[in-house]
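Okay, my_file22.txt now, which holds compact mmCIF, C-alpha atoms:
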```txt
# COMPACT_ATOMS: atom_id res chain seq x y z
CA MET A 1 0.06 30.55 3.88
CA PRO A 2 -2.05 30.41 7.09
CA ALA A 3 -0.34 28.51 9.91
CA ASP A 4 -3.18 25.98 10.27
CA LEU A 5 -3.21 25.21 6.55
CA LYS A 6 0.58 24.86 6.49
CA LYS A 7 0.39 22.46 9.43
CA HIS A 8 -2.27 20.25 7.86
CA LEU A 9 -1.05 20.38 4.23
CA PRO A 10 1.17 17.27 4.61
CA LEU A 11 -1.84 15.35 5.93
CA LEU A 12 -3.85 16.29 2.84
CA ALA A 13 -1.17 14.69 0.64
CA VAL A 14 -1.94 11.21 1.99
CA PRO A 15 -5.60 11.05 0.87
CA ALA A 16 -4.49 12.43 -2.50
CA MET A 17 -1.94 9.61 -2.82
CA LEU A 18 -4.52 6.99 -1.84
CA LEU A 19 -6.96 8.34 -4.43
CA VAL A 20 -4.29 8.32 -7.16
CA VAL A 21 -3.32 4.73 -6.25
CA GLU A 22 -6.94 3.59 -6.50
CA LEU A 23 -7.53 5.37 -9.82
CA ILE A 24 -4.36 3.98 -11.42
CA ALA A 25 -5.10 0.51 -10.04
CA MET A 26 -8.56 0.54 -11.62
CA PHE A 27 -7.14 1.85 -14.90
CA LEU A 28 -4.69 -1.05 -15.02
CA SER A 29 -7.06 -3.77 -13.82
CA ARG A 30 -9.13 -4.71 -16.86
CA PRO A 31 -6.22 -4.65 -19.35
CA LEU A 32 -4.20 -6.81 -16.97
CA GLN A 33 -7.17 -9.14 -16.59
CA GLU A 34 -7.52 -9.40 -20.36
CA ALA A 35 -3.80 -10.12 -20.62
CA GLY A 36 -4.27 -13.13 -18.33
CA VAL A 37 -2.08 -11.86 -15.50
CA ALA A 38 -2.48 -14.23 -12.53
CA ALA A 39 -0.86 -13.48 -9.16
CA LEU A 40 -2.59 -16.28 -7.22
CA PRO A 41 -3.08 -19.95 -8.08
CA TYR A 42 -6.85 -20.31 -7.71
CA SER A 43 -9.91 -18.77 -9.36
CA PRO A 44 -10.88 -15.32 -8.02
CA GLU A 45 -13.85 -16.65 -6.03
CA ASN A 46 -11.83 -19.35 -4.27
CA PRO A 47 -11.12 -18.36 -0.63
CA LEU A 48 -7.89 -20.37 -0.76
CA ASN A 49 -6.39 -17.33 -2.47
CA VAL A 50 -6.77 -15.52 0.85
CA VAL A 51 -4.85 -18.29 2.58
CA VAL A 52 -2.06 -18.08 0.00
CA PHE A 53 -1.92 -14.27 0.27
CA LEU A 54 -1.73 -14.32 4.08
CA ALA A 55 0.83 -17.13 4.07
CA LEU A 56 3.12 -15.18 1.75
CA LEU A 57 2.71 -12.06 3.88
CA LEU A 58 3.42 -13.85 7.16
CA VAL A 59 6.42 -15.78 5.85
CA PHE A 60 8.01 -12.64 4.41
CA THR A 61 7.34 -10.68 7.63
CA LEU A 62 8.80 -13.46 9.80
CA PHE A 63 11.85 -13.71 7.56
CA LEU A 64 12.54 -9.97 7.85
CA LEU A 65 12.03 -10.03 11.63
CA VAL A 66 14.57 -12.85 11.98
CA LEU A 67 17.08 -10.90 9.89
CA ILE A 68 16.49 -7.76 11.98
CA ARG A 69 16.99 -9.75 15.20
CA LEU A 70 20.26 -11.16 13.81
CA GLY A 71 21.37 -7.65 12.83
CA VAL A 72 22.44 -8.64 9.31
CA LYS A 73 21.79 -5.27 7.69
CA PHE A 74 23.32 -6.13 4.32
CA ILE A 75 21.08 -9.17 3.91
CA ILE A 76 18.00 -7.16 4.93
CA SER A 77 18.81 -4.52 2.31
CA ALA A 78 19.44 -7.22 -0.30
CA VAL A 79 16.14 -9.00 0.45
CA ILE A 80 14.13 -5.77 0.26
CA ALA A 81 15.94 -4.70 -2.92
CA LEU A 82 15.24 -8.04 -4.60
CA SER A 83 11.60 -7.90 -3.52
CA LEU A 84 11.25 -4.41 -4.98
CA PHE A 85 12.99 -5.46 -8.19
CA PHE A 86 10.76 -8.47 -8.77
CA THR A 87 7.63 -6.43 -7.95
CA PHE A 88 8.64 -3.70 -10.39
CA TYR A 89 9.52 -6.34 -12.98
CA TYR A 90 6.10 -7.95 -12.64
CA ILE A 91 4.34 -4.59 -13.00
CA PHE A 92 6.42 -3.43 -15.96
CA ALA A 93 6.18 -6.86 -17.61
CA SER A 94 2.40 -6.75 -17.36
CA LEU A 95 2.32 -3.28 -18.92
CA ALA A 96 4.77 -4.29 -21.65
CA LEU A 97 2.65 -7.33 -22.46
CA LEU A 98 -0.34 -5.05 -22.99
CA VAL A 99 1.52 -2.50 -25.09
CA ALA A 100 3.93 -4.58 -27.16
CA GLY A 101 3.11 -8.22 -26.57
CA GLU A 102 5.74 -10.89 -25.90
CA THR A 103 8.72 -9.47 -27.78
CA THR A 104 12.43 -9.44 -27.04
CA LEU A 105 12.44 -5.64 -27.00
CA ALA A 106 9.61 -5.54 -24.48
CA GLY A 107 11.44 -8.02 -22.28
CA LEU A 108 14.63 -5.97 -22.36
CA ALA A 109 12.72 -2.75 -21.65
CA THR A 110 10.97 -4.41 -18.71
CA LEU A 111 14.27 -5.56 -17.25
CA ALA A 112 15.87 -2.15 -17.73
CA LEU A 113 12.96 -0.29 -16.12
CA ALA A 114 12.82 -2.64 -13.12
CA ILE A 115 16.57 -2.30 -12.55
CA ALA A 116 16.44 1.48 -12.98
CA ALA A 117 13.54 1.91 -10.54
CA THR A 118 15.20 -0.29 -7.90
CA VAL A 119 18.61 1.35 -8.27
CA LEU A 120 17.06 4.82 -8.09
CA LEU A 121 15.28 3.95 -4.85
CA TYR A 122 18.52 2.76 -3.24
CA LYS A 123 20.98 5.24 -4.72
CA TYR A 124 18.79 8.31 -4.20
CA PRO A 125 16.10 7.49 -1.61
CA GLU A 126 14.76 11.01 -1.27
CA TRP A 127 11.16 11.27 -0.08
CA TYR A 128 9.74 12.40 -3.44
CA VAL A 129 11.47 9.52 -5.27
CA ILE A 130 10.15 7.01 -2.73
CA ASP A 131 6.63 8.43 -2.85
CA THR A 132 6.43 8.68 -6.65
CA LEU A 133 7.67 5.16 -7.30
CA GLY A 134 5.69 3.97 -4.28
CA ILE A 135 2.44 5.14 -5.87
CA LEU A 136 3.25 3.11 -9.00
CA LEU A 137 4.23 0.14 -6.85
CA CYS A 138 1.05 0.26 -4.76
CA ALA A 139 -1.22 0.74 -7.77
CA GLY A 140 0.38 -2.15 -9.64
CA VAL A 141 0.24 -4.54 -6.68
CA ALA A 142 -3.36 -3.57 -5.81
CA SER A 143 -4.42 -4.10 -9.41
CA ILE A 144 -2.65 -7.43 -9.79
CA PHE A 145 -4.16 -8.83 -6.58
CA GLY A 146 -7.52 -7.09 -7.04
CA ILE A 147 -8.18 -8.96 -10.29
CA ALA A 148 -7.11 -12.23 -8.61
CA ILE A 149 -9.41 -11.97 -5.59
CA GLY A 150 -13.21 -11.91 -5.93
CA ILE A 151 -15.61 -9.90 -3.78
CA LEU A 152 -16.22 -12.30 -0.89
CA PRO A 153 -12.54 -13.35 -0.58
CA ALA A 154 -11.53 -9.67 -0.76
CA LEU A 155 -13.89 -8.78 2.08
CA LEU A 156 -12.55 -11.69 4.13
CA LEU A 157 -8.98 -10.65 3.38
CA LEU A 158 -9.53 -7.05 4.51
CA VAL A 159 -11.17 -8.17 7.77
CA LEU A 160 -8.35 -10.62 8.57
CA LEU A 161 -5.67 -8.08 7.68
CA ALA A 162 -7.28 -5.44 9.93
CA VAL A 163 -7.29 -7.89 12.85
CA TYR A 164 -3.70 -8.96 12.13
CA ASP A 165 -2.51 -5.34 11.88
CA ALA A 166 -4.12 -4.44 15.21
CA ILE A 167 -2.54 -7.43 16.94
CA SER A 168 0.89 -6.80 15.39
CA VAL A 169 0.94 -3.13 16.44
CA TYR A 170 -0.85 -3.11 19.82
CA ARG A 171 -0.16 -6.58 21.24
CA THR A 172 2.92 -8.30 19.79
CA LYS A 173 4.31 -4.96 18.49
CA HIS A 174 6.36 -6.84 15.89
CA MET A 175 5.13 -4.50 13.16
CA ILE A 176 6.74 -1.59 15.02
CA THR A 177 9.96 -3.58 15.28
CA LEU A 178 9.79 -4.27 11.56
CA ALA A 179 9.19 -0.61 10.69
CA GLU A 180 12.04 0.53 12.95
CA GLY A 181 14.40 -1.99 11.36
CA VAL A 182 13.43 -0.86 7.88
CA LEU A 183 13.71 2.84 8.70
CA SER A 184 17.10 2.44 10.38
CA GLN A 185 18.48 1.57 6.96
CA LYS A 186 16.37 4.11 5.07
CA ALA A 187 14.84 1.23 3.10
CA PRO A 188 12.38 2.73 0.59
CA ILE A 189 9.24 0.73 1.38
CA LEU A 190 7.29 3.30 3.40
CA PHE A 191 5.71 6.53 2.22
CA VAL A 192 7.48 9.55 3.69
CA ILE A 193 5.48 12.78 3.96
CA PRO A 194 7.62 15.80 4.92
CA LYS A 195 6.37 18.45 7.31
CA ARG A 196 8.66 21.19 6.05
CA ARG A 197 10.15 22.21 2.71
CA ASP A 198 13.79 21.59 3.59
CA TYR A 199 13.24 18.06 4.91
CA SER A 200 15.51 15.39 3.43
CA PHE A 201 14.98 11.70 4.11
CA ILE A 202 18.55 11.02 2.94
CA ARG A 203 20.04 13.41 5.50
CA GLU A 204 17.64 13.05 8.41
CA GLY A 205 15.77 9.77 8.11
CA ILE A 206 12.92 9.42 10.56
CA THR A 207 12.29 7.75 13.90
CA ILE A 208 9.31 5.93 15.35
CA GLY A 209 8.45 6.84 18.89
CA GLY A 210 5.74 7.72 21.33
CA ALA A 211 6.32 11.48 21.26
CA GLU A 212 5.79 13.97 18.51
CA GLY A 213 9.18 15.50 19.24
CA VAL A 214 12.52 13.68 19.06
CA GLU A 215 15.59 14.41 21.14
CA GLY A 216 18.17 16.71 19.58
CA GLU A 217 21.91 16.61 20.23
CA GLU A 218 21.62 18.85 23.31
CA GLY A 219 18.51 17.24 24.71
CA GLU A 220 16.01 19.72 23.33
CA LYS A 221 12.85 18.55 21.66
CA LYS A 222 12.92 18.86 17.88
CA GLU A 223 9.87 18.35 15.76
CA ARG A 224 10.00 15.23 13.64
CA GLY A 225 10.60 16.34 10.06
CA ALA A 226 8.17 13.89 8.44
CA PHE A 227 5.68 11.18 9.18
CA ILE A 228 5.33 7.80 7.52
CA ILE A 229 2.59 5.51 6.34
CA GLY A 230 3.07 1.94 5.21
CA MET A 231 2.61 1.13 1.55
CA GLY A 232 0.38 -1.73 2.62
CA ASP A 233 -2.03 0.83 4.09
CA LEU A 234 -2.66 2.10 0.56
CA ILE A 235 -2.53 -1.29 -1.16
CA MET A 236 -5.01 -3.27 0.95
CA PRO A 237 -8.07 -0.98 0.66
CA SER A 238 -7.34 -0.59 -3.06
CA ILE A 239 -7.61 -4.36 -3.55
CA LEU A 240 -11.34 -4.22 -2.69
CA VAL A 241 -11.78 -1.14 -4.89
CA VAL A 242 -10.26 -3.01 -7.86
CA SER A 243 -12.22 -6.17 -7.11
CA ALA A 244 -15.49 -4.20 -7.02
CA PHE A 245 -14.53 -2.39 -10.22
CA VAL A 246 -13.79 -5.62 -12.09
CA PHE A 247 -16.37 -8.04 -10.71
CA LEU A 248 -19.37 -5.74 -10.10
CA PRO A 249 -19.88 -3.72 -13.28
CA VAL A 250 -23.11 -1.70 -13.23
CA PRO A 251 -24.64 -0.65 -16.59
CA GLY A 252 -24.38 3.09 -17.14
CA TRP A 253 -21.59 3.53 -14.61
CA ALA A 254 -17.96 3.95 -15.67
CA VAL A 255 -17.01 3.13 -12.09
CA PRO A 256 -19.54 0.88 -10.30
CA PRO A 257 -21.16 2.42 -7.19
CA PRO A 258 -19.69 -0.31 -4.92
CA ALA A 259 -16.20 0.68 -6.10
CA LEU A 260 -16.99 4.38 -5.66
CA GLY A 261 -18.35 3.63 -2.19
CA ALA A 262 -15.21 1.68 -1.31
CA MET A 263 -13.07 4.61 -2.47
CA ALA A 264 -15.08 7.10 -0.42
CA GLY A 265 -15.03 4.80 2.60
CA SER A 266 -11.27 4.36 2.36
CA LEU A 267 -10.82 8.14 2.42
CA VAL A 268 -13.07 8.43 5.48
CA GLY A 269 -11.12 5.66 7.20
CA LEU A 270 -7.87 7.40 6.28
CA ALA A 271 -9.12 10.69 7.74
CA LEU A 272 -9.84 8.87 11.00
CA LEU A 273 -6.41 7.26 10.94
CA LEU A 274 -4.64 10.59 10.35
CA ARG A 275 -6.53 12.12 13.23
CA ILE A 276 -5.31 9.32 15.50
CA VAL A 277 -1.77 9.49 14.11
CA GLY A 278 -1.68 13.18 15.07
CA LYS A 279 -1.25 12.03 18.68
CA GLY A 280 2.29 10.98 17.78
CA LYS A 281 2.14 7.25 18.57
CA PRO A 282 2.43 4.30 16.18
CA GLN A 283 -1.02 3.24 15.03
CA ALA A 284 -2.43 0.25 13.17
CA GLY A 285 -3.59 1.68 9.87
CA LEU A 286 -5.68 -1.14 8.49
CA PRO A 287 -8.51 -1.28 11.06
CA PRO A 288 -9.88 2.20 10.18
CA LEU A 289 -8.82 1.99 6.52
CA ASN A 290 -10.26 -1.45 5.80
CA GLY A 291 -13.29 -0.79 8.00
CA GLY A 292 -14.10 2.40 6.12
CA THR A 293 -13.53 0.71 2.76
CA ILE A 294 -15.84 -2.19 3.58
CA ALA A 295 -18.54 0.14 4.95
CA GLY A 296 -18.37 2.33 1.85
CA PHE A 297 -18.50 -0.73 -0.40
CA LEU A 298 -21.64 -2.02 1.33
CA ILE A 299 -23.31 1.40 1.07
CA GLY A 300 -22.49 1.43 -2.65
CA CYS A 301 -24.03 -2.02 -3.01
CA ALA A 302 -27.17 -0.89 -1.16
CA LEU A 303 -27.58 2.20 -3.35
CA SER A 304 -27.07 0.33 -6.62
CA GLY A 305 -28.64 -3.00 -5.69
CA ALA A 306 -25.41 -4.79 -6.69
CA TRP A 307 -25.81 -7.78 -4.38
CA GLY A 308 -25.05 -10.49 -6.93
CA TRP A 309 -21.86 -11.42 -5.04
CA VAL A 310 -23.89 -12.51 -1.99
CA PRO A 311 -24.64 -16.28 -2.10
CA GLY A 312 -28.32 -16.96 -2.70
CA LEU A 313 -29.15 -13.49 -4.04
```
Target format structure tokens, applied to this file:
Amino acid sequence: MPADLKKHLPLLAVPAMLLVVELIAMFLSRPLQEAGVAALPYSPENPLNVVVFLALLLVFTLFLLVLIRLGVKFIISAVIALSLFFTFYYIFASLALLVAGETTLAGLATLALAIAATVLLYKYPEWYVIDTLGILLCAGVASIFGIAIGILPALLLLVLLAVYDAISVYRTKHMITLAEGVLSQKAPILFVIPKRRDYSFIREGITIGGAEGVEGEEGEKKERGAFIIGMGDLIMPSILVVSAFVFLPVPGWAVPPPALGAMAGSLVGLALLLRIVGKGKPQAGLPPLNGGTIAGFLIGCALSGAWGWVPGL
């Protein structure tokens, strides 16, 4: 394999994962909508859903930061494990409801699958286990929230999240603190993309720092074995993709042009992010990702004339 291709192959895996997340999320969205799954309390067009979403995100982030500051590692692991379990349970319960309806067997299967997925992530947190289950997790969450948030609230949400992500990485830096605290315990809530075949997240973990190399035992620079990307960086753009897919159907199109545009824009934004990440410093992912997704969505609307979501049109 050519050296340049070998070097950039891990980077190509990230757009592939984003595309798979978006496709699975769209596949799940309409059946989940028909099943009456509701993740937020208000109607999809109500902007209060954005307030609820951001409040939940901020409270959970603050809670984890307090636990990290206190150094209570067991509690941090327990909180993350419970969060993963309930998320998996919600996803599997929604799927079971579609396939088998509300039956005792479906309930037991849902519980067993959620426990198995959570235990697997903690007992064997190898990078391919984290990434595989992470794709399912991201797709399920994006679908569940995408059908609960209409077009205008989704656009507002992505803009606010991009601003928040930039502030939390470049100004307050609390998102870096959060990621470091999570990685120090090998908590499986970040995608891990290895740079070499023999990399093991269980054995080596990964560090966050300003240099591409990390210090070895004798002071020499060793190349970091993998890079990471937050699961939220794949979930948030996918929410707009799902929202456009569900709320802007265009006759004759299996996937509406606004949703296709959002997908294409998210990939362009991701390419920009990966180029920046190549410098070796922590970067806010959502500004380029959400910006590209919104731009692509608007181009899709312009090409298809799907402007019905704009008030007064």
Quiz item: A:Val66, A:Ala179, A:Ser143, A:Gly269: which is nearest Ser29 in chain A, counting only C-alpha atoms?
Solution: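 Closest candidate: A:Ser143.
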Exercise. Point out the residue among A:Trp307, A:Phe27, A:Phe88, A:Tyr199 with the least atom-to-atom distance to Ala254 in chain A, counting all atoms listed in the file.
Key: A:Phe27
Quiz item: So how far away is CA of Pro249 in chain A from CA of Leu152 in chain A, in Å?
Solution: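 Between these atoms lies a distance of 15.5 Å.
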Quiz item: Got a sec: who's within 9 Å of Leu28 in chain A, counting only C-alpha atoms, leaving out chain neighbours fewer than 4 positions off, as a ChimeraX atom specification?
Solution: /A:23-24,32-33,95,139-140,143-144
Same residues, C-alpha atoms, output as a tab-separated table (two decimals), in the coordinates of the input:
```
chain	number	residue	atom	x	y	z
A	23	LEU	CA	-7.53	5.37	-9.82
A	24	ILE	CA	-4.36	3.98	-11.42
A	32	LEU	CA	-4.20	-6.81	-16.97
A	33	GLN	CA	-7.17	-9.14	-16.59
A	95	LEU	CA	2.32	-3.28	-18.92
A	139	ALA	CA	-1.22	0.74	-7.77
A	140	GLY	CA	0.38	-2.15	-9.64
A	143	SER	CA	-4.42	-4.10	-9.41
A	144	ILE	CA	-2.65	-7.43	-9.79
```
Quiz item: If I put a ball of radius 8 Å at (6.7, 0.4, -22.0) in the file's coordinates, which residues poke into it when counting only C-alpha atoms, written as a list in words?
Solution: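 Residues satisfying the cut-off, written out: Phe92, Leu95, Ala96, Val99, Ala100, Ala106, Ala109 and Thr110 of chain A.
Coordinates place CA of Leu9 in chain A at a distance of 13.4 Å from CA of Arg275 in chain A.
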Practice problem: Could you give me, as a list in words, the residues within 12 Å of Leu183 in chain A, counting all atoms listed in the file and dropping anything in the same chain fewer than 3 positions from it? | Solution: Ile68, Lys73, Ile76, Ser77, Pro125, Ile176, Thr177, Leu178, Ala179, Glu180, Lys186, Ala187, Pro188, Ile189, Leu190, Phe191, Val192, Phe201, Ile202, Glu204, Gly205, Ile206, Thr207, Ile208, Phe227, Ile228, Ile229 and Gly230 of chain A
Exercise. Tell me which protein, DNA and RNA residues are within 9 Å of Val159 in chain A, counting only C-alpha atoms, leaving out same-chain ones fewer than 5 positions away, and put them as a ChimeraX atom specification.
Key: /A:154,164,286-287,290-291,294
Quiz item: Using all atoms listed in the file, which residue out of A:Pro258, A:Gly134, A:Gly225, A:Pro237 lies closest to Leu157 in chain A?
Solution: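 Closest candidate: A:Pro237.
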Quiz item: A:Asp198, A:Gly292, A:Val255, A:Val129: which is nearest Leu272 in chain A, counting all atoms listed in the file?
Solution: A:Gly292
Quiz item: Restricting the calculation to only C-alpha atoms, which member of A:Ile239, A:Val79, A:Leu108, A:Val141 is positioned closest to Ile91 in chain A?
Solution: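 Closest to Ile91 in chain A, using only C-alpha atoms: A:Val141.
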For range 192-205 of chain A, take all atoms listed in the file, fit an axis-aligned box around them, add 4 Å to each of the six sides, then output centre and edge lengths in Å rounded to one decimal, as AutoDock Vina command-line options.
```
--center_x 12.8 --center_y 15.9 --center_z 5.6 --size_x 22.6 --size_y 20.7 --size_z 13.7
```
Self-check item: Selection near Ala148 in chain A, 7 Å with all atoms listed in the file, sequence-local residues under 6 positions removed, as a VMD selection string
Solution: chain A and resid 38 to 40 44
Write the selection just made, keeping C-alpha atoms, as a PDB file, keeping the file's coordinate frame?
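Saved result, again37.pdb, follows:
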```
ATOM      1  CA  ALA A  38      -2.480 -14.230 -12.530  1.00  0.00           C
ATOM      2  CA  ALA A  39      -0.860 -13.480  -9.160  1.00  0.00           C
ATOM      3  CA  LEU A  40      -2.590 -16.280  -7.220  1.00  0.00           C
ATOM      4  CA  PRO A  44     -10.880 -15.320  -8.020  1.00  0.00           C
TER       5      PRO A  44
END
```
Quiz item: Nearest to Pro251 in chain A among A:Leu67, A:Val59, A:Ala306, A:Leu111, with distances taken over all atoms listed in the file: which residue is it?
Solution: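 When distances to Pro251 in chain A are compared using all atoms listed in the file, the smallest one comes from A:Ala306.
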Exercise. Would you mind listing what lies within 9 Å of Ala271 in chain A as a list of chain:residue names, with only C-alpha atoms counted and same-chain residues fewer than 3 positions away left out?
Key: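 Close residues of Ala271 in chain A: A:Leu11, A:Pro15, A:Ser266, A:Leu267, A:Val268, A:Leu274, A:Arg275, A:Ile276, A:Pro288, A:Leu289.
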Write to file, as a compact mmCIF listing (two decimals), keeping the file's coordinate frame, the residues of the selection just made, with C-alpha atoms.
```txt
# COMPACT_ATOMS: atom_id res chain seq x y z
CA LEU A 11 -1.84 15.35 5.93
CA PRO A 15 -5.60 11.05 0.87
CA SER A 266 -11.27 4.36 2.36
CA LEU A 267 -10.82 8.14 2.42
CA VAL A 268 -13.07 8.43 5.48
CA LEU A 274 -4.64 10.59 10.35
CA ARG A 275 -6.53 12.12 13.23
CA ILE A 276 -5.31 9.32 15.50
CA PRO A 288 -9.88 2.20 10.18
CA LEU A 289 -8.82 1.99 6.52
```
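Between CA of Gln283 in chain A and CA of Val169 in chain A the interatomic distance comes to 6.8 Å.
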